[in-house]
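One structure is given below, encoded as structure tokens.
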Amino acid sequence: MHNDRVAIENFGYPRQNNYNVENLPMSYAFPWVEPPWPDKVLPRDQLEDRIGQLISSLNMCVLSTFGNNGPMASPIEYYAENLDIFMLPDPGTPKLKAMQNDPRISYAVHHPYHGWHSAHGVQVFGKAEILEPHAPGWDHGMKVFRWHGWMSDLGMDTSEPFDRQVVKIVPDRILYTETWLWKLGYCAKQVWTRDS
């Protein structure tokens with residue numbers, strides 16, 4: 001029992017001579033996660049590049065809208081172009097109706113979390129623009145969304161895109177979090193605004 005207790009207190013490994021867990025840094029492999037943390041602002045062009053890289057490396061977000069019965073959060077597929085994203089919500093769904101009534105939205109994406117060194121995600125606040133089939137911007141949005149592969153997966157005729165509303169999300173404000181920025185001397189939380 002005593003040996004088991006020692007193993008538990010040492011994260012599953014028996015204590016060795018001259019080895020004191022209490023004297024280790026907060027993160028042995030990533031000592032730069034320890035405070036004090038830098039508060040330096042990332043240059044705007046670098047921030048936009050990192051945001052664009054993050055959202056384009058993923059294609060699922062949690063989209064928050066405000067419907068008749070209050071807020072809703074829905075997972076939905078998207079594809080990015082710079083800082084804008086495009087999605088194809090199902091016709092008549094509560095989230096589409098909510099965006100038609102109130103275009104203000106928020107969405108979030110993130111990479112898997114494996115410790116303080118790996119926190120990486122964005123929360124985006126903006127407006128939804130609903131593009132009707134064949135209206136200006138609709139064809140461009142369908143191309144960004146890669147409609148051909150999407151329809152092919154469903155066994156649909158891919159000779160031409162089907163007539164379906166495209167939603168374009170244009171950000172007004174973005175909260176970007178990346179704790180790896182600490183290592184580079186910058187604050188882990190950066191804020192992008194369209195009018196800055």
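In the structure tokens, chains take letters A, B, ... by order of appearance, with residues numbered from 1 within each chain and ligands from 1 in the order shown.
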
For the contact check between region 24-80 of chain A and region 146-165 of chain A, emit one row per residue of region 24-80 of chain A within 12 Å, containing the shortest atom pair and the distance in Å rounded to one decimal, counting only C-alpha atoms, chain then rising number order, as a tab-separated table.
residue	atom	partner	partner_atom	distance
A:Asn59	CA	A:Arg146	CA	11.5
A:Glu77	CA	A:Trp150	CA	10.3
A:Tyr78	CA	A:Arg146	CA	9.7
A:Tyr79	CA	A:Arg146	CA	8.0
A:Ala80	CA	A:Arg146	CA	10.5

Filtering to N, CA and C atoms, could you give me those residues as a PDB file, in the first residue's frame?
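Written out: selection_0.pdb:
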ATOM      1  N   ASN A  59     -12.562  22.856 -40.696  1.00  0.00           N
ATOM      2  CA  ASN A  59     -13.767  23.096 -41.494  1.00  0.00           C
ATOM      3  C   ASN A  59     -15.053  22.770 -40.737  1.00  0.00           C
ATOM      4  N   GLU A  77     -20.446  22.671 -40.965  1.00  0.00           N
ATOM      5  CA  GLU A  77     -19.284  22.660 -41.853  1.00  0.00           C
ATOM      6  C   GLU A  77     -19.123  24.031 -42.517  1.00  0.00           C
ATOM      7  N   TYR A  78     -17.875  24.421 -42.720  1.00  0.00           N
ATOM      8  CA  TYR A  78     -17.606  25.695 -43.392  1.00  0.00           C
ATOM      9  C   TYR A  78     -16.301  25.577 -44.170  1.00  0.00           C
ATOM     10  N   TYR A  79     -16.066  26.554 -45.040  1.00  0.00           N
ATOM     11  CA  TYR A  79     -14.787  26.697 -45.718  1.00  0.00           C
ATOM     12  C   TYR A  79     -14.418  28.171 -45.722  1.00  0.00           C
ATOM     13  N   ALA A  80     -13.123  28.448 -45.562  1.00  0.00           N
ATOM     14  CA  ALA A  80     -12.668  29.818 -45.335  1.00  0.00           C
ATOM     15  C   ALA A  80     -12.025  30.425 -46.568  1.00  0.00           C
TER      16      ALA A  80
END

(request) Might you pull out every residue within 7 Å of region 92-107 of chain A, with only C-alpha atoms counted and same-chain residues fewer than 5 positions away left off, and present them as a PyMOL selection string? (result) chain A and resi 61-67+123-128

Output file for the selection above: C-alpha atoms, as an mmCIF file, in the first residue's frame:
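Result file selection-v7.cif:
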data_model
loop_
_atom_site.group_PDB
_atom_site.id
_atom_site.type_symbol
_atom_site.label_atom_id
_atom_site.label_comp_id
_atom_site.auth_asym_id
_atom_site.auth_seq_id
_atom_site.Cartn_x
_atom_site.Cartn_y
_atom_site.Cartn_z
ATOM 1 C CA CYS A 61 -17.249 25.340 -36.220
ATOM 2 C CA VAL A 62 -19.866 25.869 -33.536
ATOM 3 C CA LEU A 63 -22.147 28.616 -34.822
ATOM 4 C CA SER A 64 -24.144 30.645 -32.306
ATOM 5 C CA THR A 65 -27.315 32.416 -33.382
ATOM 6 C CA PHE A 66 -30.264 33.955 -31.551
ATOM 7 C CA GLY A 67 -33.681 32.481 -32.316
ATOM 8 C CA GLN A 123 -14.021 33.247 -31.202
ATOM 9 C CA VAL A 124 -15.467 35.324 -34.034
ATOM 10 C CA PHE A 125 -18.212 37.942 -33.815
ATOM 11 C CA GLY A 126 -19.768 39.199 -37.014
ATOM 12 C CA LYS A 127 -22.716 39.208 -39.373
ATOM 13 C CA ALA A 128 -24.230 36.599 -41.645
#

(request) Between CA of Ser74 (chain A) and CA of Leu181 (chain A), measure the distance and give it in Å to one decimal. (result)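 Answer for the CA of Ser74 (chain A) to CA of Leu181 (chain A) separation: 29.5 Å.
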
(message) I need the residues of region 27-187 of chain A that end up classed as strand (DSSP E or B) by DSSP on the backbone, written out as a ChimeraX atom specification.
(response) /A:60-67,70-77,79-81,84-87,104-110,120-131,166-178
